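Taking it in order: structure first as structure tokens, then the write-up.
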Amino acid sequence: MEANTRSTGRLPAAFLTPGSSSFMDFLSDHLPGMLPGNRNLPPLQGAVEAPHGTTIVAATFDGGVVLAGDRRATMGNVIAQRDIEKVFPADEYSAVGIAGTAGLAVEMVKLFQLELEHFEKVEGAQLSLEGKANRLSTMIRSNLAMAMQGLAVVPLFAGFDIDREKGRIFSYDVTGGRSEEHGYAATGSGSVFARSSMKKLYRQDLTEQEALTLVVQALYDAADDDSATGGPDVARRIYPIVTVITDEGFRKLDEAESSEIARSVLERRLEQPDGPRAALL
């Protein structure tokens, strides 16, 4: 790249002009080609083979919300990556779990993080959790053209609502349609099995530790029936990414914490291979 010897060291005019508190609006005005939805797409030539992230789960408890994801990415019938990260902090009090085309999903998360940071810097205050969920919905909707070509991104958004003093979960469809989930939620290829697992085990008075065990159990059950979902891999030391969001903010469990929960779930399953209800039958 050739050096710009005429630079005065000043920011471009675009950065000095008053405008919207939305970073996406800023890009639309000054660099529209940077937005995924504005890119020129080639004609559809059939299914696109790209790494896909799979199962994401979330559950609320008294005092916050837990968001977790498995570590496997698939490309057709092949495991593309065994230790991908699918859960990211959006800001201090919220997080996003990604399912769908991995590359686009990670790019969308980074853009969403910038969107929230830009708003806070311009307005001097954080968006409400409802506002954050709406902004993410708009971003997913802008990706609709790619979704129609098989490059869909379907995240799960969770956070602690400071105004309501509780954890909340939002799910989406490929068109950006948003729904608030109550208690628990799942998205991705293993979501049917994960949701069924949580339906049996969830209750409203869960403690934080019980909620952590619940989501890891749900991921284990999803991996048991869905080949695209990776269960805890003790041999490779690959365990689910598990995060907690409370009034103290976002926290990601370290490997020691997540492995301890995963091992407890595995040990319990070895003792009762047909599930915890088998002893009651």
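If you're wondering about the labels, chains in the structure tokens are A, B, ... by order shown, residues count from 1 in each chain, ligands from 1 in order shown.
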Select from segment 151-203 of chain A every residue with an atom at most 12 Å from any atom of segment 208-228 of chain A, then for each give the shortest pair of atoms and their distance in Å to one decimal, using only C-alpha atoms, rows by chain and rising number, as JSON lines.
{"residue": "A:Gly167", "atom": "CA", "partner": "A:Glu208", "partner_atom": "CA", "distance": 11.5}
{"residue": "A:Gly183", "atom": "CA", "partner": "A:Ala211", "partner_atom": "CA", "distance": 10.4}
{"residue": "A:Tyr184", "atom": "CA", "partner": "A:Val215", "partner_atom": "CA", "distance": 9.1}
{"residue": "A:Ala185", "atom": "CA", "partner": "A:Val215", "partner_atom": "CA", "distance": 9.8}
{"residue": "A:Ala186", "atom": "CA", "partner": "A:Ala218", "partner_atom": "CA", "distance": 9.2}
{"residue": "A:Thr187", "atom": "CA", "partner": "A:Ala222", "partner_atom": "CA", "distance": 11.0}
{"residue": "A:Gly188", "atom": "CA", "partner": "A:Ala228", "partner_atom": "CA", "distance": 9.3}
{"residue": "A:Ser189", "atom": "CA", "partner": "A:Ala228", "partner_atom": "CA", "distance": 6.9}
{"residue": "A:Gly190", "atom": "CA", "partner": "A:Ala222", "partner_atom": "CA", "distance": 5.1}
{"residue": "A:Ser191", "atom": "CA", "partner": "A:Ala222", "partner_atom": "CA", "distance": 7.0}
{"residue": "A:Val192", "atom": "CA", "partner": "A:Ala222", "partner_atom": "CA", "distance": 7.7}
{"residue": "A:Phe193", "atom": "CA", "partner": "A:Ala222", "partner_atom": "CA", "distance": 4.9}
{"residue": "A:Ala194", "atom": "CA", "partner": "A:Ala218", "partner_atom": "CA", "distance": 4.6}
{"residue": "A:Arg195", "atom": "CA", "partner": "A:Ala218", "partner_atom": "CA", "distance": 7.2}
{"residue": "A:Ser196", "atom": "CA", "partner": "A:Ala218", "partner_atom": "CA", "distance": 8.2}
{"residue": "A:Ser197", "atom": "CA", "partner": "A:Ala218", "partner_atom": "CA", "distance": 5.3}
{"residue": "A:Met198", "atom": "CA", "partner": "A:Ala218", "partner_atom": "CA", "distance": 6.0}
{"residue": "A:Lys199", "atom": "CA", "partner": "A:Ala218", "partner_atom": "CA", "distance": 9.5}
{"residue": "A:Lys200", "atom": "CA", "partner": "A:Ala218", "partner_atom": "CA", "distance": 10.0}
{"residue": "A:Leu201", "atom": "CA", "partner": "A:Leu214", "partner_atom": "CA", "distance": 7.0}
{"residue": "A:Tyr202", "atom": "CA", "partner": "A:Leu214", "partner_atom": "CA", "distance": 7.4}
{"residue": "A:Arg203", "atom": "CA", "partner": "A:Ala211", "partner_atom": "CA", "distance": 9.3}
Just C-alpha atoms for this one: save the residues we selected as a PDB file, in the first residue's frame.
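Output (again34.pdb):
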ATOM      1  CA  GLY A 167     -32.515 -11.799  32.488  1.00  0.00           C
ATOM      2  CA  GLY A 183     -37.551 -19.298  30.568  1.00  0.00           C
ATOM      3  CA  TYR A 184     -35.392 -20.983  27.960  1.00  0.00           C
ATOM      4  CA  ALA A 185     -34.650 -21.048  24.232  1.00  0.00           C
ATOM      5  CA  ALA A 186     -32.497 -22.763  21.627  1.00  0.00           C
ATOM      6  CA  THR A 187     -31.518 -22.212  18.003  1.00  0.00           C
ATOM      7  CA  GLY A 188     -29.512 -24.135  15.422  1.00  0.00           C
ATOM      8  CA  SER A 189     -29.652 -27.657  14.044  1.00  0.00           C
ATOM      9  CA  GLY A 190     -29.804 -29.313  17.460  1.00  0.00           C
ATOM     10  CA  SER A 191     -32.342 -26.871  18.881  1.00  0.00           C
ATOM     11  CA  VAL A 192     -35.263 -29.315  18.752  1.00  0.00           C
ATOM     12  CA  PHE A 193     -33.453 -31.807  20.988  1.00  0.00           C
ATOM     13  CA  ALA A 194     -31.979 -29.107  23.256  1.00  0.00           C
ATOM     14  CA  ARG A 195     -35.358 -27.455  23.736  1.00  0.00           C
ATOM     15  CA  SER A 196     -36.972 -30.802  24.578  1.00  0.00           C
ATOM     16  CA  SER A 197     -34.282 -31.413  27.188  1.00  0.00           C
ATOM     17  CA  MET A 198     -34.778 -27.996  28.790  1.00  0.00           C
ATOM     18  CA  LYS A 199     -38.544 -28.392  28.701  1.00  0.00           C
ATOM     19  CA  LYS A 200     -38.230 -31.392  31.023  1.00  0.00           C
ATOM     20  CA  LEU A 201     -35.660 -29.870  33.369  1.00  0.00           C
ATOM     21  CA  TYR A 202     -36.426 -26.134  33.520  1.00  0.00           C
ATOM     22  CA  ARG A 203     -38.202 -24.466  36.426  1.00  0.00           C
TER      23      ARG A 203
END
(Q) I need the residues in segment 49-244 of chain A that are alpha helix (DSSP H) according to DSSP; give them as a PyMOL selection string. (A) chain A and resi 102-123+129-142+144-147+191-201+208-225
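Between atom CA of Glu130 of chain A and atom CA of Glu92 of chain A the interatomic distance comes to 14.9 Å.
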List every residue of segment 51-214 of chain A that DSSP, applied to the backbone of this structure, places in strand (DSSP E or B), and write the result as an mmCIF file with N, CA, C and O atoms, in the first residue's frame.
data_model
loop_
_atom_site.group_PDB
_atom_site.id
_atom_site.type_symbol
_atom_site.label_atom_id
_atom_site.label_comp_id
_atom_site.auth_asym_id
_atom_site.auth_seq_id
_atom_site.Cartn_x
_atom_site.Cartn_y
_atom_site.Cartn_z
ATOM 1 N N HIS A 52 -20.778 -23.985 9.072
ATOM 2 C CA HIS A 52 -21.969 -23.557 9.794
ATOM 3 C C HIS A 52 -21.821 -23.850 11.286
ATOM 4 O O HIS A 52 -21.386 -24.935 11.659
ATOM 5 N N GLY A 53 -22.184 -22.865 12.085
ATOM 6 C CA GLY A 53 -22.275 -23.075 13.519
ATOM 7 C C GLY A 53 -23.643 -23.633 13.849
ATOM 8 O O GLY A 53 -24.614 -23.359 13.130
ATOM 9 N N ILE A 56 -27.170 -23.346 19.910
ATOM 10 C CA ILE A 56 -27.029 -22.336 20.963
ATOM 11 C C ILE A 56 -28.230 -22.465 21.896
ATOM 12 O O ILE A 56 -29.367 -22.631 21.442
ATOM 13 N N VAL A 57 -27.992 -22.394 23.198
ATOM 14 C CA VAL A 57 -29.077 -22.508 24.177
ATOM 15 C C VAL A 57 -28.971 -21.386 25.202
ATOM 16 O O VAL A 57 -27.887 -20.830 25.431
ATOM 17 N N ALA A 58 -30.091 -21.055 25.818
ATOM 18 C CA ALA A 58 -30.123 -20.026 26.861
ATOM 19 C C ALA A 58 -31.204 -20.371 27.865
ATOM 20 O O ALA A 58 -32.202 -21.016 27.525
ATOM 21 N N ALA A 59 -31.002 -19.937 29.099
ATOM 22 C CA ALA A 59 -31.991 -20.154 30.155
ATOM 23 C C ALA A 59 -31.868 -19.046 31.184
ATOM 24 O O ALA A 59 -30.760 -18.611 31.515
ATOM 25 N N THR A 60 -32.997 -18.587 31.673
ATOM 26 C CA THR A 60 -33.005 -17.562 32.710
ATOM 27 C C THR A 60 -33.023 -18.223 34.091
ATOM 28 O O THR A 60 -33.470 -19.357 34.246
ATOM 29 N N PHE A 61 -32.527 -17.502 35.063
ATOM 30 C CA PHE A 61 -32.601 -17.935 36.455
ATOM 31 C C PHE A 61 -32.864 -16.702 37.315
ATOM 32 O O PHE A 61 -32.912 -15.572 36.789
ATOM 33 N N GLY A 64 -30.523 -13.481 36.597
ATOM 34 C CA GLY A 64 -29.783 -13.326 35.353
ATOM 35 C C GLY A 64 -30.166 -14.334 34.291
ATOM 36 O O GLY A 64 -31.250 -14.928 34.321
ATOM 37 N N VAL A 65 -29.242 -14.541 33.369
ATOM 38 C CA VAL A 65 -29.478 -15.446 32.248
ATOM 39 C C VAL A 65 -28.166 -16.122 31.864
ATOM 40 O O VAL A 65 -27.086 -15.544 32.025
ATOM 41 N N VAL A 66 -28.269 -17.352 31.386
ATOM 42 C CA VAL A 66 -27.118 -18.125 30.931
ATOM 43 C C VAL A 66 -27.242 -18.331 29.432
ATOM 44 O O VAL A 66 -28.329 -18.666 28.927
ATOM 45 N N LEU A 67 -26.158 -18.137 28.698
ATOM 46 C CA LEU A 67 -26.121 -18.354 27.258
ATOM 47 C C LEU A 67 -24.930 -19.256 26.949
ATOM 48 O O LEU A 67 -23.814 -18.997 27.403
ATOM 49 N N ALA A 68 -25.162 -20.339 26.194
ATOM 50 C CA ALA A 68 -24.094 -21.317 25.946
ATOM 51 C C ALA A 68 -24.196 -21.865 24.531
ATOM 52 O O ALA A 68 -25.255 -21.822 23.900
ATOM 53 N N GLY A 69 -23.077 -22.401 24.047
ATOM 54 C CA GLY A 69 -23.059 -23.001 22.716
ATOM 55 C C GLY A 69 -22.056 -24.127 22.635
ATOM 56 O O GLY A 69 -21.067 -24.145 23.374
ATOM 57 N N ALA A 73 -18.356 -26.810 14.215
ATOM 58 C CA ALA A 73 -18.817 -26.188 12.974
ATOM 59 C C ALA A 73 -18.751 -27.250 11.888
ATOM 60 O O ALA A 73 -17.773 -28.002 11.794
ATOM 61 N N THR A 74 -19.794 -27.336 11.078
ATOM 62 C CA THR A 74 -19.858 -28.361 10.042
ATOM 63 C C THR A 74 -19.921 -27.732 8.650
ATOM 64 O O THR A 74 -20.345 -26.581 8.489
ATOM 65 N N MET A 75 -19.514 -28.504 7.653
ATOM 66 C CA MET A 75 -19.602 -28.091 6.255
ATOM 67 C C MET A 75 -20.109 -29.298 5.481
ATOM 68 O O MET A 75 -19.357 -30.208 5.151
ATOM 69 N N VAL A 78 -19.144 -32.898 6.816
ATOM 70 C CA VAL A 78 -17.781 -32.866 7.343
ATOM 71 C C VAL A 78 -17.701 -31.921 8.542
ATOM 72 O O VAL A 78 -18.339 -30.865 8.555
ATOM 73 N N ILE A 79 -16.924 -32.299 9.560
ATOM 74 C CA ILE A 79 -16.656 -31.394 10.675
ATOM 75 C C ILE A 79 -15.598 -30.395 10.223
ATOM 76 O O ILE A 79 -14.447 -30.756 9.995
ATOM 77 N N ALA A 80 -15.995 -29.134 10.080
ATOM 78 C CA ALA A 80 -15.073 -28.112 9.591
ATOM 79 C C ALA A 80 -14.158 -27.611 10.699
ATOM 80 O O ALA A 80 -12.997 -27.286 10.465
ATOM 81 N N GLN A 81 -14.679 -27.538 11.928
ATOM 82 C CA GLN A 81 -13.881 -27.076 13.062
ATOM 83 C C GLN A 81 -14.486 -27.644 14.338
ATOM 84 O O GLN A 81 -15.699 -27.682 14.502
ATOM 85 N N VAL A 87 -20.338 -17.932 21.103
ATOM 86 C CA VAL A 87 -20.985 -17.019 22.045
ATOM 87 C C VAL A 87 -20.046 -15.851 22.318
ATOM 88 O O VAL A 87 -18.890 -16.056 22.697
ATOM 89 N N PHE A 88 -20.554 -14.626 22.121
ATOM 90 C CA PHE A 88 -19.729 -13.425 22.240
ATOM 91 C C PHE A 88 -20.444 -12.369 23.071
ATOM 92 O O PHE A 88 -21.676 -12.242 22.997
ATOM 93 N N PRO A 89 -19.705 -11.582 23.838
ATOM 94 C CA PRO A 89 -20.350 -10.448 24.524
ATOM 95 C C PRO A 89 -20.736 -9.389 23.500
ATOM 96 O O PRO A 89 -19.976 -9.081 22.576
ATOM 97 N N ALA A 90 -21.936 -8.836 23.640
ATOM 98 C CA ALA A 90 -22.354 -7.717 22.785
ATOM 99 C C ALA A 90 -21.942 -6.407 23.437
ATOM 100 O O ALA A 90 -21.446 -5.496 22.796
ATOM 101 N N ASP A 91 -22.147 -6.326 24.730
ATOM 102 C CA ASP A 91 -21.648 -5.221 25.545
ATOM 103 C C ASP A 91 -21.576 -5.718 26.987
ATOM 104 O O ASP A 91 -21.545 -6.927 27.225
ATOM 105 N N SER A 94 -24.996 -7.848 27.833
ATOM 106 C CA SER A 94 -25.691 -8.694 26.870
ATOM 107 C C SER A 94 -24.696 -9.518 26.062
ATOM 108 O O SER A 94 -23.497 -9.218 26.030
ATOM 109 N N ALA A 95 -25.198 -10.564 25.419
ATOM 110 C CA ALA A 95 -24.356 -11.467 24.648
ATOM 111 C C ALA A 95 -25.150 -12.040 23.479
ATOM 112 O O ALA A 95 -26.387 -12.063 23.492
ATOM 113 N N VAL A 96 -24.407 -12.505 22.472
ATOM 114 C CA VAL A 96 -25.009 -13.088 21.274
ATOM 115 C C VAL A 96 -24.424 -14.470 21.039
ATOM 116 O O VAL A 96 -23.203 -14.652 21.106
ATOM 117 N N GLY A 97 -25.298 -15.435 20.769
ATOM 118 C CA GLY A 97 -24.860 -16.758 20.352
ATOM 119 C C GLY A 97 -25.226 -16.940 18.889
ATOM 120 O O GLY A 97 -26.347 -16.617 18.481
ATOM 121 N N GLY A 100 -25.733 -20.685 12.151
ATOM 122 C CA GLY A 100 -25.799 -20.363 10.730
ATOM 123 C C GLY A 100 -24.411 -20.256 10.139
ATOM 124 O O GLY A 100 -23.450 -20.802 10.681
ATOM 125 N N THR A 101 -24.290 -19.560 9.027
ATOM 126 C CA THR A 101 -23.017 -19.429 8.327
ATOM 127 C C THR A 101 -22.000 -18.733 9.228
ATOM 128 O O THR A 101 -22.158 -17.557 9.574
ATOM 129 N N VAL A 153 -27.984 -16.374 8.882
ATOM 130 C CA VAL A 153 -27.466 -16.188 10.244
ATOM 131 C C VAL A 153 -28.678 -16.058 11.167
ATOM 132 O O VAL A 153 -29.522 -15.194 10.964
ATOM 133 N N LEU A 156 -29.055 -16.020 18.764
ATOM 134 C CA LEU A 156 -29.852 -15.967 19.990
ATOM 135 C C LEU A 156 -29.243 -14.849 20.826
ATOM 136 O O LEU A 156 -28.019 -14.809 21.022
ATOM 137 N N PHE A 157 -30.071 -13.926 21.291
ATOM 138 C CA PHE A 157 -29.608 -12.756 22.027
ATOM 139 C C PHE A 157 -30.132 -12.817 23.454
ATOM 140 O O PHE A 157 -31.319 -13.097 23.681
ATOM 141 N N ALA A 158 -29.253 -12.594 24.420
ATOM 142 C CA ALA A 158 -29.657 -12.643 25.823
ATOM 143 C C ALA A 158 -28.944 -11.545 26.593
ATOM 144 O O ALA A 158 -27.837 -11.131 26.230
ATOM 145 N N GLY A 159 -29.575 -11.093 27.651
ATOM 146 C CA GLY A 159 -28.941 -10.059 28.456
ATOM 147 C C GLY A 159 -29.691 -9.812 29.749
ATOM 148 O O GLY A 159 -30.774 -10.354 29.979
ATOM 149 N N PHE A 160 -29.091 -8.986 30.578
ATOM 150 C CA PHE A 160 -29.720 -8.600 31.842
ATOM 151 C C PHE A 160 -30.359 -7.237 31.641
ATOM 152 O O PHE A 160 -29.689 -6.271 31.281
ATOM 153 N N ASP A 161 -31.668 -7.176 31.850
ATOM 154 C CA ASP A 161 -32.411 -5.921 31.717
ATOM 155 C C ASP A 161 -32.296 -5.149 33.029
ATOM 156 O O ASP A 161 -32.883 -5.530 34.043
ATOM 157 N N LYS A 166 -33.939 -8.317 35.547
ATOM 158 C CA LYS A 166 -34.033 -9.749 35.278
ATOM 159 C C LYS A 166 -33.378 -10.069 33.941
ATOM 160 O O LYS A 166 -33.151 -9.190 33.103
ATOM 161 N N GLY A 167 -33.070 -11.355 33.756
ATOM 162 C CA GLY A 167 -32.515 -11.799 32.488
ATOM 163 C C GLY A 167 -33.612 -12.020 31.459
ATOM 164 O O GLY A 167 -34.714 -12.451 31.803
ATOM 165 N N ARG A 168 -33.293 -11.716 30.189
ATOM 166 C CA ARG A 168 -34.274 -11.883 29.107
ATOM 167 C C ARG A 168 -33.587 -12.517 27.902
ATOM 168 O O ARG A 168 -32.382 -12.364 27.701
ATOM 169 N N ILE A 169 -34.377 -13.233 27.091
ATOM 170 C CA ILE A 169 -33.862 -13.951 25.931
ATOM 171 C C ILE A 169 -34.688 -13.560 24.707
ATOM 172 O O ILE A 169 -35.925 -13.508 24.773
ATOM 173 N N PHE A 170 -34.012 -13.332 23.562
ATOM 174 C CA PHE A 170 -34.693 -13.013 22.305
ATOM 175 C C PHE A 170 -34.200 -13.961 21.209
ATOM 176 O O PHE A 170 -32.998 -14.167 21.051
ATOM 177 N N SER A 171 -35.134 -14.522 20.456
ATOM 178 C CA SER A 171 -34.788 -15.378 19.320
ATOM 179 C C SER A 171 -35.225 -14.685 18.033
ATOM 180 O O SER A 171 -36.067 -13.766 18.052
ATOM 181 N N TYR A 172 -34.663 -15.143 16.901
ATOM 182 C CA TYR A 172 -34.908 -14.503 15.607
ATOM 183 C C TYR A 172 -35.114 -15.548 14.519
ATOM 184 O O TYR A 172 -34.699 -16.700 14.656
ATOM 185 N N ARG A 178 -38.431 -11.013 15.409
ATOM 186 C CA ARG A 178 -37.928 -11.139 16.777
ATOM 187 C C ARG A 178 -39.016 -11.633 17.707
ATOM 188 O O ARG A 178 -40.161 -11.192 17.631
ATOM 189 N N SER A 179 -38.638 -12.560 18.591
ATOM 190 C CA SER A 179 -39.576 -13.065 19.595
ATOM 191 C C SER A 179 -38.866 -13.125 20.940
ATOM 192 O O SER A 179 -37.716 -13.562 21.008
ATOM 193 N N GLU A 180 -39.552 -12.698 21.983
ATOM 194 C CA GLU A 180 -38.986 -12.870 23.317
ATOM 195 C C GLU A 180 -39.367 -14.240 23.848
ATOM 196 O O GLU A 180 -40.542 -14.624 23.820
ATOM 197 N N GLU A 181 -38.367 -14.972 24.309
ATOM 198 C CA GLU A 181 -38.577 -16.307 24.854
ATOM 199 C C GLU A 181 -38.621 -16.216 26.377
ATOM 200 O O GLU A 181 -37.878 -15.451 26.984
ATOM 201 N N TYR A 184 -36.498 -20.340 28.660
ATOM 202 C CA TYR A 184 -35.392 -20.983 27.960
ATOM 203 C C TYR A 184 -35.622 -20.894 26.455
ATOM 204 O O TYR A 184 -36.751 -20.640 25.995
ATOM 205 N N ALA A 185 -34.556 -21.104 25.687
ATOM 206 C CA ALA A 185 -34.650 -21.048 24.232
ATOM 207 C C ALA A 185 -33.458 -21.754 23.624
ATOM 208 O O ALA A 185 -32.434 -21.972 24.283
ATOM 209 N N ALA A 186 -33.593 -22.123 22.356
ATOM 210 C CA ALA A 186 -32.497 -22.763 21.627
ATOM 211 C C ALA A 186 -32.632 -22.439 20.148
ATOM 212 O O ALA A 186 -33.742 -22.201 19.654
ATOM 213 N N THR A 187 -31.509 -22.402 19.447
ATOM 214 C CA THR A 187 -31.518 -22.212 18.003
ATOM 215 C C THR A 187 -30.410 -23.053 17.396
ATOM 216 O O THR A 187 -29.483 -23.469 18.085
#
Q) What does the distance between atom CA of Ala105 of chain A and atom CA of Asp254 of chain A come to in Å, to one decimal place? A)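 Atom-to-atom, atom CA of Ala105 of chain A and atom CA of Asp254 of chain A are spaced 23.1 Å apart.
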Q: Please measure the separation of atom CA of Asp173 of chain A and atom CA of Thr55 of chain A, giving the value in Å to one decimal.
A: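 So the answer is 14.6 Å.
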Can you pull out the residues contacting Ile238 of chain A? Cut-off 9 Å, using only C-alpha atoms, and skip same-chain residues under 2 positions away; I want them as a short mmCIF file (atom, residue, chain, number, x, y, z; two decimals) with C-alpha atoms, in the first residue's frame.
data_model
loop_
_atom_site.label_atom_id
_atom_site.label_comp_id
_atom_site.auth_asym_id
_atom_site.auth_seq_id
_atom_site.Cartn_x
_atom_site.Cartn_y
_atom_site.Cartn_z
CA ARG A 71 -17.99 -25.94 19.73
CA ARG A 82 -14.10 -28.71 16.47
CA ASP A 83 -13.42 -25.74 18.74
CA GLY A 231 -20.75 -32.73 22.83
CA PRO A 232 -18.09 -32.32 25.52
CA ASP A 233 -14.81 -33.75 24.17
CA VAL A 234 -12.79 -34.84 27.19
CA ALA A 235 -9.93 -36.29 25.12
CA ARG A 236 -9.32 -32.99 23.30
CA PRO A 240 -19.05 -25.84 25.63
CA GLU A 255 -12.11 -23.93 31.02
CA SER A 259 -15.13 -28.71 32.20
#
